[in-house]
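Coordinates as given in data-v3.csv (CSV, C-alpha atoms):
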```csv
chain,number,residue,atom,x,y,z
A,1,MET,CA,0.0,0.0,0.0
A,2,ILE,CA,2.8,2.4,0.8
A,3,LYS,CA,4.5,1.6,-2.4
A,4,LEU,CA,1.3,2.3,-4.4
A,5,CYS,CA,0.8,5.7,-2.7
A,6,ILE,CA,4.4,6.6,-3.5
A,7,ALA,CA,3.9,5.6,-7.2
A,8,LEU,CA,0.6,7.6,-7.5
A,9,ILE,CA,2.3,10.7,-5.9
A,10,SER,CA,5.1,10.4,-8.4
A,11,ILE,CA,2.7,10.2,-11.4
A,12,PHE,CA,0.7,13.2,-10.2
A,13,SER,CA,3.9,15.2,-9.7
A,14,CYS,CA,5.0,14.2,-13.3
A,15,PHE,CA,1.7,15.4,-14.8
A,16,LYS,CA,1.9,18.6,-12.8
A,17,SER,CA,5.3,19.4,-14.2
A,18,MET,CA,4.4,18.4,-17.7
A,19,ALA,CA,1.0,20.3,-17.8
A,20,GLN,CA,2.8,23.6,-18.7
A,21,ASN,CA,3.0,22.4,-22.4
A,22,VAL,CA,0.9,19.9,-24.2
A,23,GLY,CA,2.3,18.0,-27.2
A,24,ILE,CA,0.5,15.9,-29.8
A,25,GLY,CA,2.9,13.9,-31.8
A,26,THR,CA,5.8,15.2,-29.8
A,27,THR,CA,7.2,14.5,-26.3
A,28,THR,CA,8.9,17.9,-26.1
A,29,PRO,CA,6.3,20.6,-26.8
A,30,SER,CA,7.7,24.1,-26.9
A,31,SER,CA,4.3,25.9,-26.7
A,32,LYS,CA,1.2,25.5,-24.6
A,33,LEU,CA,-0.1,23.3,-27.5
A,34,GLU,CA,2.1,21.8,-30.2
A,35,ILE,CA,0.9,19.5,-32.9
A,36,LYS,CA,3.6,17.8,-34.9
A,37,SER,CA,3.4,15.3,-37.8
A,38,ALA,CA,6.0,14.0,-40.1
A,39,VAL,CA,3.9,14.7,-43.2
A,40,LYS,CA,1.0,17.2,-42.5
A,41,SER,CA,-0.3,18.7,-39.3
A,42,VAL,CA,-4.0,19.5,-39.4
A,43,VAL,CA,-6.3,21.1,-36.7
A,44,LYS,CA,-10.0,20.9,-37.5
A,45,ILE,CA,-12.7,22.8,-35.7
A,46,SER,CA,-15.9,21.2,-36.7
A,47,SER,CA,-19.6,21.8,-36.2
A,48,ASN,CA,-22.5,19.3,-36.6
A,49,ASN,CA,-23.7,20.5,-40.0
A,50,PHE,CA,-23.3,23.3,-42.5
A,51,LEU,CA,-25.9,25.5,-40.7
A,52,ASP,CA,-23.7,25.7,-37.6
A,53,THR,CA,-21.0,28.2,-36.9
A,54,SER,CA,-17.3,27.3,-36.2
A,55,GLN,CA,-15.2,29.9,-34.5
A,56,LEU,CA,-11.7,30.5,-33.2
A,57,ILE,CA,-11.2,33.3,-30.7
A,58,PHE,CA,-7.9,35.0,-29.8
A,59,SER,CA,-8.4,36.9,-26.6
A,60,ASN,CA,-6.4,39.2,-24.5
A,61,ARG,CA,-9.1,40.2,-22.1
A,62,ASN,CA,-8.2,40.4,-18.4
A,63,ASN,CA,-10.3,39.2,-15.4
A,64,SER,CA,-12.3,42.4,-15.6
A,65,ASN,CA,-13.2,41.6,-19.2
A,66,GLN,CA,-11.1,44.5,-20.5
A,67,GLY,CA,-9.4,44.0,-23.8
A,68,THR,CA,-10.2,42.9,-27.3
A,69,ASP,CA,-11.1,39.5,-28.8
A,70,MET,CA,-10.2,38.7,-32.4
A,71,HIS,CA,-12.7,36.2,-34.0
A,72,VAL,CA,-12.2,33.9,-37.0
A,73,THR,CA,-15.6,32.6,-37.9
A,74,SER,CA,-16.9,30.1,-40.4
A,75,ASN,CA,-20.6,30.9,-40.6
A,76,ARG,CA,-22.7,28.5,-42.7
A,77,GLU,CA,-21.9,29.0,-46.4
A,78,SER,CA,-20.7,32.6,-46.4
A,79,GLY,CA,-17.0,31.8,-46.0
A,80,LEU,CA,-14.5,32.9,-43.4
A,81,ARG,CA,-15.0,36.2,-41.5
A,82,PHE,CA,-12.5,38.1,-39.4
A,83,SER,CA,-14.1,40.3,-36.7
A,84,SER,CA,-13.4,41.8,-33.3
A,85,SER,CA,-15.2,42.5,-30.0
A,86,SER,CA,-14.0,44.7,-27.3
A,87,ASP,CA,-14.9,46.9,-24.3
A,88,LEU,CA,-13.6,49.8,-26.5
A,89,PRO,CA,-16.3,50.9,-28.9
A,90,ALA,CA,-13.8,51.7,-31.7
A,91,ASN,CA,-12.5,48.1,-31.6
A,92,ASN,CA,-15.9,46.5,-32.3
A,93,LYS,CA,-15.9,45.5,-36.0
A,94,ASP,CA,-18.4,43.0,-37.4
A,95,THR,CA,-16.4,42.5,-40.6
A,96,ILE,CA,-12.7,43.3,-40.8
A,97,MET,CA,-12.2,40.9,-43.7
A,98,GLN,CA,-14.4,38.3,-45.5
A,99,ILE,CA,-13.1,35.4,-47.6
A,100,THR,CA,-15.9,33.7,-49.6
A,101,PRO,CA,-15.8,30.0,-50.7
A,102,THR,CA,-15.5,31.3,-54.3
A,103,GLY,CA,-12.3,33.1,-53.6
A,104,LEU,CA,-13.5,36.7,-53.3
A,105,VAL,CA,-11.9,38.8,-50.6
A,106,GLY,CA,-13.6,41.7,-48.9
A,107,ILE,CA,-12.1,44.4,-46.7
A,108,ARG,CA,-14.7,45.9,-44.5
A,109,THR,CA,-17.5,44.3,-46.5
A,110,ALA,CA,-19.2,41.0,-45.9
A,111,THR,CA,-20.3,40.7,-49.5
A,112,PRO,CA,-17.3,41.2,-51.8
A,113,GLN,CA,-18.2,41.3,-55.5
A,114,TYR,CA,-14.6,41.1,-56.9
A,115,PRO,CA,-11.4,39.2,-56.2
A,116,LEU,CA,-10.5,42.1,-53.9
A,117,ASP,CA,-13.3,44.4,-52.8
A,118,VAL,CA,-12.3,47.3,-50.4
A,119,LYS,CA,-14.8,49.5,-48.7
A,120,GLY,CA,-12.8,52.6,-47.9
A,121,ASP,CA,-9.5,54.2,-48.9
A,122,ILE,CA,-6.4,52.4,-50.1
A,123,ASN,CA,-2.9,53.6,-49.4
A,124,VAL,CA,-0.1,52.1,-51.5
A,125,THR,CA,3.6,52.7,-50.5
A,126,GLY,CA,5.0,50.7,-53.3
A,127,GLU,CA,4.2,50.5,-57.0
A,128,LEU,CA,0.7,50.1,-58.4
A,129,ARG,CA,0.8,47.7,-61.3
A,130,THR,CA,-1.5,46.6,-64.1
A,131,ASN,CA,-0.7,43.6,-66.2
A,132,GLY,CA,2.7,43.4,-64.4
A,133,SER,CA,3.7,47.0,-65.4
A,134,SER,CA,4.0,50.0,-63.1
A,135,GLY,CA,4.2,52.4,-66.1
A,136,GLU,CA,6.8,55.0,-67.0
A,137,ASN,CA,7.7,58.4,-65.5
A,138,GLY,CA,4.8,60.9,-66.1
A,139,GLN,CA,2.3,58.3,-67.3
A,140,PHE,CA,-1.2,57.9,-65.8
A,141,LEU,CA,-3.5,54.9,-65.5
A,142,ARG,CA,-6.5,54.9,-67.8
A,143,SER,CA,-9.5,52.6,-68.3
A,144,ASN,CA,-9.8,51.2,-71.9
A,145,GLY,CA,-13.5,50.8,-71.4
A,146,ASN,CA,-13.5,47.0,-71.9
A,147,GLY,CA,-12.5,45.8,-68.4
A,148,THR,CA,-8.8,46.5,-68.9
A,149,MET,CA,-6.5,49.3,-67.9
A,150,SER,CA,-3.2,50.6,-69.3
A,151,TRP,CA,-0.6,53.3,-68.7
A,152,VAL,CA,-0.7,56.2,-71.1
A,153,ASP,CA,1.3,59.4,-71.5
A,154,LYS,CA,0.0,62.7,-70.1
A,155,ASP,CA,0.1,64.0,-73.7
A,156,ARG,CA,-2.3,61.4,-75.1
A,157,PHE,CA,-1.5,62.1,-78.7
A,158,LYS,CA,2.0,63.2,-79.6
A,159,ASN,CA,1.8,63.3,-83.4
A,160,PHE,CA,-0.6,64.8,-85.9
A,161,LYS,CA,-1.1,65.2,-89.6
A,162,VAL,CA,-3.1,68.0,-91.3
A,163,PHE,CA,-5.2,67.5,-94.4
A,164,ARG,CA,-6.2,70.6,-96.4
A,165,ASN,CA,-8.1,71.5,-99.6
A,166,ASP,CA,-7.4,74.8,-101.4
A,167,GLY,CA,-10.3,74.1,-103.8
A,168,GLY,CA,-8.2,74.2,-106.9
A,169,ALA,CA,-8.1,70.5,-107.8
A,170,ALA,CA,-11.3,68.9,-106.6
A,171,THR,CA,-14.4,69.7,-104.7
A,172,THR,CA,-13.5,67.1,-102.1
A,173,LEU,CA,-9.9,66.0,-101.5
A,174,THR,CA,-9.8,62.4,-100.4
A,175,THR,CA,-6.7,61.0,-98.6
A,176,THR,CA,-6.1,57.6,-97.0
A,177,PHE,CA,-4.5,57.7,-93.6
A,178,ASN,CA,-2.9,54.3,-92.6
A,179,PHE,CA,-2.7,53.7,-88.9
A,180,PRO,CA,1.0,53.6,-87.8
A,181,ALA,CA,2.2,50.3,-86.2
A,182,GLY,CA,1.5,50.0,-82.5
A,183,VAL,CA,-1.2,52.8,-82.5
A,184,THR,CA,-4.4,51.7,-80.7
A,185,GLU,CA,-6.5,54.8,-81.1
A,186,VAL,CA,-6.5,58.1,-83.1
A,187,ALA,CA,-8.3,61.4,-82.6
A,188,VAL,CA,-9.7,63.4,-85.5
A,189,GLU,CA,-10.8,67.1,-85.8
A,190,ILE,CA,-13.0,67.8,-88.8
A,191,TRP,CA,-14.2,71.2,-90.2
A,192,GLY,CA,-16.6,71.6,-93.1
A,193,GLY,CA,-16.1,74.2,-95.7
A,194,GLY,CA,-17.4,77.7,-95.2
A,195,GLY,CA,-20.2,79.2,-97.3
A,196,GLN,CA,-19.9,81.8,-100.0
A,197,ALA,CA,-21.3,85.3,-99.3
A,198,SER,CA,-24.0,86.8,-101.5
A,199,ALA,CA,-26.1,89.8,-102.0
A,200,ALA,CA,-28.2,88.5,-99.1
A,201,GLY,CA,-25.3,88.9,-96.7
A,202,GLY,CA,-22.3,87.2,-95.3
A,203,ALA,CA,-22.0,83.4,-95.1
A,204,ALA,CA,-21.9,80.9,-92.3
A,205,SER,CA,-19.0,78.7,-91.3
A,206,GLY,CA,-18.9,75.0,-91.6
A,207,GLY,CA,-19.6,72.6,-88.8
A,208,TYR,CA,-17.1,70.8,-86.6
A,209,ILE,CA,-16.7,67.4,-85.0
A,210,TYR,CA,-14.1,65.8,-82.8
A,211,ALA,CA,-13.8,62.1,-82.1
A,212,VAL,CA,-11.5,59.5,-80.6
A,213,ILE,CA,-11.5,56.3,-82.6
A,214,PRO,CA,-10.2,53.0,-81.3
A,215,VAL,CA,-8.2,51.3,-84.1
A,216,GLY,CA,-9.5,47.8,-83.3
A,217,SER,CA,-9.0,45.5,-86.3
A,218,TYR,CA,-9.1,48.4,-88.8
A,219,THR,CA,-6.0,49.6,-90.7
A,220,PHE,CA,-6.9,53.0,-92.1
A,221,ILE,CA,-9.4,55.8,-92.4
A,222,ASN,CA,-10.4,58.0,-95.3
A,223,ALA,CA,-10.1,61.8,-94.8
A,224,ASN,CA,-12.3,63.7,-97.2
A,225,VAL,CA,-11.7,67.5,-97.0
A,226,GLY,CA,-14.5,69.7,-98.4
A,227,ALA,CA,-13.8,72.9,-100.3
A,228,GLY,CA,-15.2,76.3,-99.4
A,229,GLY,CA,-18.2,77.7,-101.2
A,230,GLY,CA,-17.4,79.7,-104.4
A,231,CYS,CA,-14.1,78.0,-105.0
A,232,GLY,CA,-13.1,77.4,-108.6
A,233,ALA,CA,-13.9,73.8,-108.6
A,234,CYS,CA,-17.3,74.4,-107.0
A,235,GLY,CA,-18.6,76.6,-109.8
A,236,ALA,CA,-21.3,78.9,-108.7
A,237,SER,CA,-22.3,76.9,-105.6
A,238,ALA,CA,-22.6,79.0,-102.5
A,239,LEU,CA,-22.6,76.0,-100.3
A,240,GLY,CA,-19.4,75.0,-98.5
A,241,LEU,CA,-18.8,71.3,-99.0
A,242,SER,CA,-18.8,68.7,-96.2
A,243,SER,CA,-15.7,67.1,-94.7
A,244,THR,CA,-15.8,63.5,-93.6
A,245,VAL,CA,-13.7,60.8,-91.9
A,246,THR,CA,-14.8,57.3,-92.7
A,247,ILE,CA,-14.1,53.7,-92.0
A,248,SER,CA,-15.6,51.9,-95.0
A,249,GLY,CA,-18.9,50.3,-94.0
A,250,ALA,CA,-18.4,51.0,-90.3
A,251,LEU,CA,-18.2,54.7,-89.5
A,252,THR,CA,-18.9,58.1,-91.0
A,253,LEU,CA,-18.1,61.4,-89.2
A,254,THR,CA,-19.4,64.5,-91.0
A,255,ALA,CA,-18.8,68.2,-90.5
A,256,ARG,CA,-21.2,69.8,-93.0
A,257,GLY,CA,-20.4,72.9,-95.0
A,258,GLY,CA,-21.9,76.3,-94.3
A,259,TYR,CA,-24.5,78.1,-96.4
A,260,ASN,CA,-24.8,81.7,-97.5
A,261,ALA,CA,-27.2,84.1,-95.7
A,262,GLY,CA,-30.1,83.3,-98.1
A,263,PHE,CA,-30.7,80.1,-96.2
A,264,VAL,CA,-32.7,80.1,-93.0
A,265,ALA,CA,-30.6,77.3,-91.4
A,266,SER,CA,-27.3,78.6,-92.6
A,267,GLN,CA,-24.8,77.1,-90.2
A,268,GLY,CA,-22.9,74.0,-91.0
A,269,SER,CA,-23.9,71.1,-88.7
A,270,PHE,CA,-22.4,67.7,-87.8
A,271,SER,CA,-23.3,64.0,-87.7
A,272,ALA,CA,-21.9,60.6,-86.7
A,273,THR,CA,-23.3,57.3,-88.0
A,274,GLY,CA,-22.3,53.7,-88.5
A,275,ALA,CA,-22.2,50.3,-86.7
A,276,TYR,CA,-18.8,51.1,-85.1
A,277,LEU,CA,-20.2,54.3,-83.5
A,278,PRO,CA,-20.7,52.8,-80.0
A,279,ASN,CA,-16.9,52.4,-79.7
A,280,VAL,CA,-16.3,56.1,-80.6
A,281,ASN,CA,-16.4,59.1,-78.2
A,282,TYR,CA,-17.2,62.3,-80.1
A,283,PHE,CA,-18.8,65.8,-79.8
A,284,GLY,CA,-19.7,68.4,-82.4
A,285,ILE,CA,-20.4,72.1,-82.8
A,286,ASP,CA,-22.5,73.8,-85.4
A,287,GLY,CA,-21.0,76.5,-87.5
A,288,GLN,CA,-21.5,80.2,-86.8
A,289,SER,CA,-23.9,82.4,-88.8
A,290,ALA,CA,-22.8,85.6,-90.4
A,291,LYS,CA,-22.0,88.4,-88.0
A,292,PRO,CA,-24.2,91.5,-87.7
A,293,SER,CA,-23.5,94.5,-89.9
A,294,GLU,CA,-21.9,97.7,-88.4
A,295,THR,CA,-22.9,101.3,-89.2
A,296,SER,CA,-21.3,104.6,-88.3
A,297,TYR,CA,-21.8,108.2,-89.4
A,298,GLU,CA,-19.7,111.2,-90.2
A,299,ASN,CA,-20.7,114.9,-90.4
A,300,SER,CA,-17.9,116.9,-92.0
A,301,PRO,CA,-17.6,120.3,-93.8
A,302,ILE,CA,-18.0,118.5,-97.1
A,303,GLY,CA,-21.1,116.6,-96.2
A,304,TYR,CA,-22.9,114.0,-94.1
A,305,PHE,CA,-21.7,110.4,-94.8
A,306,ILE,CA,-22.8,106.9,-93.8
A,307,PHE,CA,-20.2,104.2,-93.3
A,308,GLN,CA,-21.5,100.6,-93.3
A,309,ARG,CA,-19.7,97.3,-92.9
A,310,ASN,CA,-22.1,94.6,-94.0
A,311,ALA,CA,-22.2,91.2,-92.4
A,312,SER,CA,-18.9,89.5,-92.1
A,313,GLY,CA,-18.7,85.7,-92.4
A,314,GLY,CA,-19.1,83.4,-89.4
A,315,ASP,CA,-16.1,82.1,-87.6
A,316,ALA,CA,-15.3,78.4,-87.7
A,317,PRO,CA,-15.9,76.5,-84.4
A,318,LEU,CA,-12.9,76.9,-82.1
A,319,ARG,CA,-11.2,79.2,-84.7
A,320,PRO,CA,-11.9,82.8,-84.0
A,321,GLY,CA,-11.1,85.3,-86.7
A,322,THR,CA,-11.7,82.9,-89.6
A,323,GLY,CA,-14.8,84.6,-90.9
A,324,GLY,CA,-14.2,86.7,-93.9
A,325,ARG,CA,-14.6,90.5,-93.3
A,326,SER,CA,-16.9,92.7,-95.3
A,327,GLY,CA,-15.3,95.9,-96.6
A,328,TRP,CA,-16.6,99.3,-95.6
A,329,ARG,CA,-19.2,101.0,-97.9
A,330,ARG,CA,-19.4,104.8,-97.9
A,331,TYR,CA,-22.5,106.7,-98.9
A,332,ASN,CA,-23.8,110.2,-99.0
A,333,TRP,CA,-26.7,110.7,-96.6
A,334,ASP,CA,-29.1,110.1,-99.5
A,335,GLY,CA,-27.5,106.8,-100.4
A,336,THR,CA,-25.6,108.0,-103.5
A,337,ASN,CA,-21.9,107.9,-104.4
A,338,LEU,CA,-21.0,104.4,-103.2
A,339,VAL,CA,-17.2,104.4,-102.6
A,340,SER,CA,-16.3,100.8,-102.0
A,341,ASP,CA,-18.0,97.4,-102.0
A,342,ILE,CA,-15.7,94.4,-101.4
A,343,GLY,CA,-15.9,91.2,-99.3
A,344,PHE,CA,-13.0,89.0,-98.2
A,345,ARG,CA,-12.7,85.2,-98.3
A,346,GLY,CA,-13.1,83.2,-95.1
A,347,SER,CA,-10.0,81.6,-93.7
A,348,GLU,CA,-9.2,78.0,-93.3
A,349,PRO,CA,-10.7,76.0,-91.7
A,350,GLY,CA,-14.2,76.6,-92.8
A,351,GLY,CA,-14.7,80.3,-92.2
A,352,GLY,CA,-17.7,81.9,-93.9
A,353,GLY,CA,-17.1,84.4,-96.7
A,354,GLY,CA,-17.7,88.2,-96.1
A,355,PHE,CA,-20.3,90.3,-97.9
A,356,PRO,CA,-20.9,90.6,-100.8
A,357,ASP,CA,-18.7,88.1,-102.7
A,358,GLY,CA,-16.2,86.5,-100.3
A,359,ASP,CA,-15.6,82.8,-100.9
A,360,GLY,CA,-15.8,80.3,-98.0
A,361,GLY,CA,-12.7,79.0,-96.3
A,362,SER,CA,-11.9,75.4,-97.2
A,363,GLY,CA,-12.5,72.6,-94.7
A,364,GLN,CA,-9.7,70.9,-92.8
A,365,ILE,CA,-9.1,67.6,-91.0
A,366,ILE,CA,-6.4,66.9,-88.4
A,367,VAL,CA,-5.5,63.4,-87.3
A,368,TYR,CA,-3.8,62.8,-84.0
A,369,TRP,CA,-2.0,59.7,-82.8
```

Could the structure of this file be written out as structure tokens, please?
Amino acid sequence: MIKLCIALISIFSCFKSMAQNVGIGTTTPSSKLEIKSAVKSVVKISSNNFLDTSQLIFSNRNNSNQGTDMHVTSNRESGLRFSSSSDLPANNKDTIMQITPTGLVGIRTATPQYPLDVKGDINVTGELRTNGSSGENGQFLRSNGNGTMSWVDKDRFKNFKVFRNDGGAATTLTTTFNFPAGVTEVAVEIWGGGGQASAAGGAASGGYIYAVIPVGSYTFINANVGAGGGCGACGASALGLSSTVTISGALTLTARGGYNAGFVASQGSFSATGAYLPNVNYFGIDGQSAKPSETSYENSPIGYFIFQRNASGGDAPLRPGTGGRSGWRRYNWDGTNLVSDIGFRGSEPGGGGGFPDGDGGSGQIIVYW
């Protein structure tokens, strides 16, 4: 009996000394709980069925329940959620991070919709990369509108080519512009030809359209530059001719020519049509009507005179000063002794001609890439 008591005391003393650390698969645990396996160590926290909740809590609360608990919870089929509870109100967070069974990760959101879904600000101290590239000095990140992003230069288009028509060879000058290798988009500015002035007054300028065109599978565009009204090749037509940029069978961008003052709707307009149009960003501006006439008077020792500058041509959109000026006309007070009567041609691109006979300025197209 004495020997049995001594043996039991020895066993209890052994357990007491070993109870500091518990080892599974090891006789020398170095932590409170150490699980060791030669191949793979697995700890499974299991509930009875998929409707139950499994949870692991890391707590640093004291005996007065002061402190913060960090929770790792598997709740039904929603995935793994990281949350916190504390006696400090600011440390109570229902969702710090959520990982769904489908591989979506949410920061501060329990319902992420993307591989990484963050509700709040993001601060990056390193590089921000897209498709493995952090871009070059001075570039900025731009959406391509199709679910991808790319780095682009601050100056989006570094090169340009101007297409003109002086009206001497053809009513519309057509040129093919082939997309340079590596170019993914081009921008175009298009002005229609200005109208020719007439006895009814000065003429209006042509319309204007600007567009950004993704190259896609296309290899070129046609640039068709309209002449101004009254040009040699236009004959007696007072109408400025339209300028267009086209992709055959897919896109037509038009800046229409301006009319003379005899037409009610005299300004050149714009239009965009074609199946490729949903891929193109554009805006347009109508041309400007002829400007108001100006009248002044002079009373001198030799008589009373009237000075009149009839309507000058309209300026082309975004190009002030392109409308042709009307010369001054000097009259005696009774309308006799006309001294001068001359109008000037509108300037390129697309300025309206000045009263009474100024031709319209020819259209113009600029392609940027």

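Nearest residue to Arg61 in chain A among A:Glu34, A:Asp87, A:Gly363, A:Ser269 is A:Asp87, counting only C-alpha atoms.
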
For this session: Could you check how far CA of Phe355 in chain A sits from CA of Gln196 in chain A, in Å to one decimal?
Result: 8.8 Å

Seminar exercise, completed: note - CA of Arg319 in chain A and CA of Tyr282 in chain A are separated by 18.5 Å

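By chain and then residue number, the residues within 8 Å of Gln55 in chain A are A:Ile45, A:His71, A:Val72, A:Thr73, A:Ser74, counting all atoms listed in the file and disregarding those fewer than 3 positions away in sequence.
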
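The two atoms in question, CA of Gly351 in chain A and CA of Glu294 in chain A, are spaced 19.2 Å apart.
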
For this session: Dump as an NGL selection string all residues having an atom at most 9 Å from (-8.1, 45.2, -54.5), computed in the file's coordinates with all atoms listed in the file.
Result: :A and (105-107 or 114-118 or 122)

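Residue nearest Glu298 in chain A within the list A:Arg325, A:Arg330, A:Lys32, A:Lys119: A:Arg330 [criterion: smallest interatomic distance, all atoms listed in the file].
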
For this session: With a distance cut-off of 10 Å and only C-alpha atoms, select the neighbouring residues of Thr174 in chain A, excluding the residue or stretch itself and same-chain residues fewer than 4 positions from it, and output the selection as number ranges by chain.
Result: A: 163-165, 170, 222-226, 243-245

Exercise. Hey, what's within 9 Å of Gly327 in chain A if we count all atoms listed in the file and toss same-chain stuff fewer than 5 positions away? As a VMD selection string, please?
Worked result: chain A and resid 308 to 310 312 340 to 344 354 to 356

Selection file, C-alpha atoms, as a CSV table (one decimal), in the frame of the given file:
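Once everything was written out, this is out-v6.csv:
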```csv
chain,number,residue,atom,x,y,z
A,308,GLN,CA,-21.5,100.6,-93.3
A,309,ARG,CA,-19.7,97.3,-92.9
A,310,ASN,CA,-22.1,94.6,-94.0
A,312,SER,CA,-18.9,89.5,-92.1
A,340,SER,CA,-16.3,100.8,-102.0
A,341,ASP,CA,-18.0,97.4,-102.0
A,342,ILE,CA,-15.7,94.4,-101.4
A,343,GLY,CA,-15.9,91.2,-99.3
A,344,PHE,CA,-13.0,89.0,-98.2
A,354,GLY,CA,-17.7,88.2,-96.1
A,355,PHE,CA,-20.3,90.3,-97.9
A,356,PRO,CA,-20.9,90.6,-100.8
```

Exercise. Looking at A:Ser326, A:Ser266, A:Gln113, A:Ser37, which one is nearest to Pro292 in chain A, with distances taken over only C-alpha atoms?
Worked result: A:Ser326

Exercise. Pick from A:Ser85, A:Gln288, A:Thr246, A:Thr68: nearest to Ala204 in chain A, with only C-alpha atoms counted?
Worked result: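 So, comparing all the options, the nearest one is A:Gln288.
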
Can you find the residues with an atom no farther than 9 Å from (-12.7, 42.9, -27.0), counting only C-alpha atoms, and report them as a compact mmCIF listing (two decimals) with C-alpha atoms, in the frame of the given file?
```txt
# COMPACT_ATOMS: atom_id res chain seq x y z
CA SER A 59 -8.40 36.90 -26.60
CA ASN A 60 -6.40 39.20 -24.50
CA ARG A 61 -9.10 40.20 -22.10
CA ASN A 65 -13.20 41.60 -19.20
CA GLN A 66 -11.10 44.50 -20.50
CA GLY A 67 -9.40 44.00 -23.80
CA THR A 68 -10.20 42.90 -27.30
CA ASP A 69 -11.10 39.50 -28.80
CA MET A 70 -10.20 38.70 -32.40
CA SER A 84 -13.40 41.80 -33.30
CA SER A 85 -15.20 42.50 -30.00
CA SER A 86 -14.00 44.70 -27.30
CA ASP A 87 -14.90 46.90 -24.30
CA LEU A 88 -13.60 49.80 -26.50
CA PRO A 89 -16.30 50.90 -28.90
CA ASN A 91 -12.50 48.10 -31.60
CA ASN A 92 -15.90 46.50 -32.30
```

Residues near range 302-304 of chain A, cut-off 8 Å, only C-alpha atoms, skip fewer than 5 positions along chain, as a PDB file with C-alpha atoms, in the coordinates of the input:
```pdb
ATOM      1  CA  TYR A 297     -21.800 108.200 -89.400  1.00  0.00           C
ATOM      2  CA  ASN A 332     -23.800 110.200 -99.000  1.00  0.00           C
ATOM      3  CA  TRP A 333     -26.700 110.700 -96.600  1.00  0.00           C
TER       4      TRP A 333
END
```

Problem set entry | Residue contacts of range 251-254 of chain A (9 Å, all atoms listed in the file) excluding same-chain residues fewer than 3 positions away, as a list in words |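 My list of contacting residues is Ile190, Trp191, Gly192, Gly207, Tyr208, Ile209, Tyr210, Ala211, Ser242, Ser243, Thr244, Val245, Thr246, Ile247, Ser248, Ser269, Phe270, Ser271, Ala272, Thr273, Gly274, Ala275, Tyr276 and Leu277 of chain A.
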
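Nearest residue to Gly324 in chain A among A:Gly287, A:Gly360, A:Pro301, A:Gly138 is A:Gly360, counting all atoms listed in the file.
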